[in-house]
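Shown next, in structure tokens, is the structure this report addresses.
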Amino acid sequence: MKLRQDFITNSSSTSFIISLKDEWNENNFFKTLGVLDDSALRNIFADLYKTINYDKEEINTYMKKYYPEMSTVEEFLSFCNYSNDVIEKVSQLIKEGRIVYYGKLSSNNGESVEAFFCMESFLICEDDIYFNGQSAVW
């Protein structure tokens, strides 16, 4: 049996990239995800929206704040180990004039919905929403 004797963690985190075709707000977030007013899961998505809204920053702003040595979004995303497909998609969204946000979710923040979305990687790539949470780390 192998025993790990160095640092281990129960926490997880997920970096996310999100962009809506329409203006960023709760109604558009629900609409693009297909969350109906009477959905049993509406509260979960309302909590997710609040968490993302709190943790997101426009990707260029985020990059300049935390990685000032990076000169392009492509360089930043490559540094963060995103695939060429993701880098190309984000570049395309920016060229189309869409606002692209970047942020992080963590299972340590005490919010159950945030912890849930840190457990799995996910990708929604539709015309009206791009939501990439494929960078999950345990």
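In the structure tokens, the first chain shown is A, the next is B, and so on; residue numbers restart at 1 for each chain, and ligands run from 1 in the order shown.
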
Helix (DSSP H, G or I) call set, DSSP backbone run, chain A, as a ChimeraX atom specification:
/A:26-33,42-55,59-66,73-79,84-95,107-109,112-119

All residues 9 Å or closer to Asp47 (chain A), only C-alpha atoms, same chain fewer than 4 positions away omitted, as a ChimeraX atom specification:
/A:42-43,51-52,111,113-114

Mind dumping the selected residues with N, CA and C atoms as an mmCIF file, in the first residue's frame?
```
data_model
loop_
_atom_site.group_PDB
_atom_site.id
_atom_site.type_symbol
_atom_site.label_atom_id
_atom_site.label_comp_id
_atom_site.auth_asym_id
_atom_site.auth_seq_id
_atom_site.Cartn_x
_atom_site.Cartn_y
_atom_site.Cartn_z
ATOM 1 N N ARG A 42 -34.125 26.123 -10.530
ATOM 2 C CA ARG A 42 -33.898 27.573 -10.699
ATOM 3 C C ARG A 42 -33.034 28.155 -9.585
ATOM 4 N N ASN A 43 -33.264 27.745 -8.349
ATOM 5 C CA ASN A 43 -32.484 28.294 -7.230
ATOM 6 C C ASN A 43 -31.009 27.932 -7.333
ATOM 7 N N THR A 51 -22.641 33.554 -7.873
ATOM 8 C CA THR A 51 -21.241 33.186 -7.651
ATOM 9 C C THR A 51 -20.375 33.613 -8.828
ATOM 10 N N ILE A 52 -20.821 33.305 -10.038
ATOM 11 C CA ILE A 52 -20.060 33.687 -11.232
ATOM 12 C C ILE A 52 -19.974 35.204 -11.326
ATOM 13 N N GLU A 111 -20.027 27.840 -0.373
ATOM 14 C CA GLU A 111 -21.263 27.775 -1.146
ATOM 15 C C GLU A 111 -21.373 26.390 -1.785
ATOM 16 N N VAL A 113 -23.321 25.257 -4.190
ATOM 17 C CA VAL A 113 -23.392 25.248 -5.653
ATOM 18 C C VAL A 113 -22.012 25.473 -6.248
ATOM 19 N N GLU A 114 -21.211 26.311 -5.625
ATOM 20 C CA GLU A 114 -19.853 26.551 -6.113
ATOM 21 C C GLU A 114 -19.014 25.285 -5.980
#
```

Counting only C-alpha atoms, what is within 12 Å of region 64-80 of chain A, bar same-chain residues fewer than 4 positions away, as an MDAnalysis selection string?
chainID A and resid 14:17 57:60 84:95 100:103 134:136

State, in Å with one decimal place, the distance from CA of Lys104 (chain A) to CA of Ser13 (chain A).
6.9 Å

Pick out each residue of region 65-127 of chain A that DSSP on the backbone tags as strand (DSSP E); I need them as a short mmCIF file (atom, residue, chain, number, x, y, z; two decimals) with N, CA and C atoms, in the first residue's frame.
```
data_model
loop_
_atom_site.label_atom_id
_atom_site.label_comp_id
_atom_site.auth_asym_id
_atom_site.auth_seq_id
_atom_site.Cartn_x
_atom_site.Cartn_y
_atom_site.Cartn_z
N TYR A 101 -15.50 36.78 -20.08
CA TYR A 101 -15.14 36.87 -18.67
C TYR A 101 -14.33 35.65 -18.25
N TYR A 102 -13.45 35.87 -17.27
CA TYR A 102 -12.63 34.80 -16.71
C TYR A 102 -12.76 34.86 -15.20
N GLY A 103 -12.75 33.73 -14.56
CA GLY A 103 -12.82 33.71 -13.10
C GLY A 103 -12.52 32.34 -12.56
N LYS A 104 -12.66 32.22 -11.25
CA LYS A 104 -12.37 30.96 -10.58
C LYS A 104 -13.47 30.66 -9.57
N LEU A 105 -13.80 29.37 -9.50
CA LEU A 105 -14.70 28.87 -8.48
C LEU A 105 -13.88 27.99 -7.56
N SER A 106 -14.26 27.94 -6.29
CA SER A 106 -13.52 27.12 -5.33
C SER A 106 -14.48 26.41 -4.40
N LEU A 123 -18.52 22.04 -20.37
CA LEU A 123 -18.39 22.95 -21.50
C LEU A 123 -19.75 23.11 -22.15
N ILE A 124 -20.19 24.36 -22.29
CA ILE A 124 -21.38 24.69 -23.06
C ILE A 124 -20.92 25.63 -24.16
N CYS A 125 -21.07 25.18 -25.39
CA CYS A 125 -20.61 25.96 -26.53
C CYS A 125 -21.76 26.06 -27.53
#
```

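Using only C-alpha atoms, the contacts of Lys21 (chain A) at a cut-off of 12 Å, with sequence neighbours closer than 2 positions omitted, comprise A:Ile18, A:Ser19, A:Glu23, A:Trp24, A:Asn25, A:Asn28, A:Phe29, A:Lys31, A:Thr32, A:Leu93, A:Ile94, A:Glu96, A:Gly97, A:Arg98, A:Ile99, A:Val100, A:Cys125, A:Glu126, A:Asp127, A:Asp128, A:Ile129, A:Tyr130, A:Phe131.
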
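Between CA of Leu48 (chain A) and CA of Asn132 (chain A) there is a distance of 13.9 Å.
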
Atomic distance CA of Cys118 (chain A) - CA of Lys56 (chain A), expressed in Å with one decimal:
15.0 Å
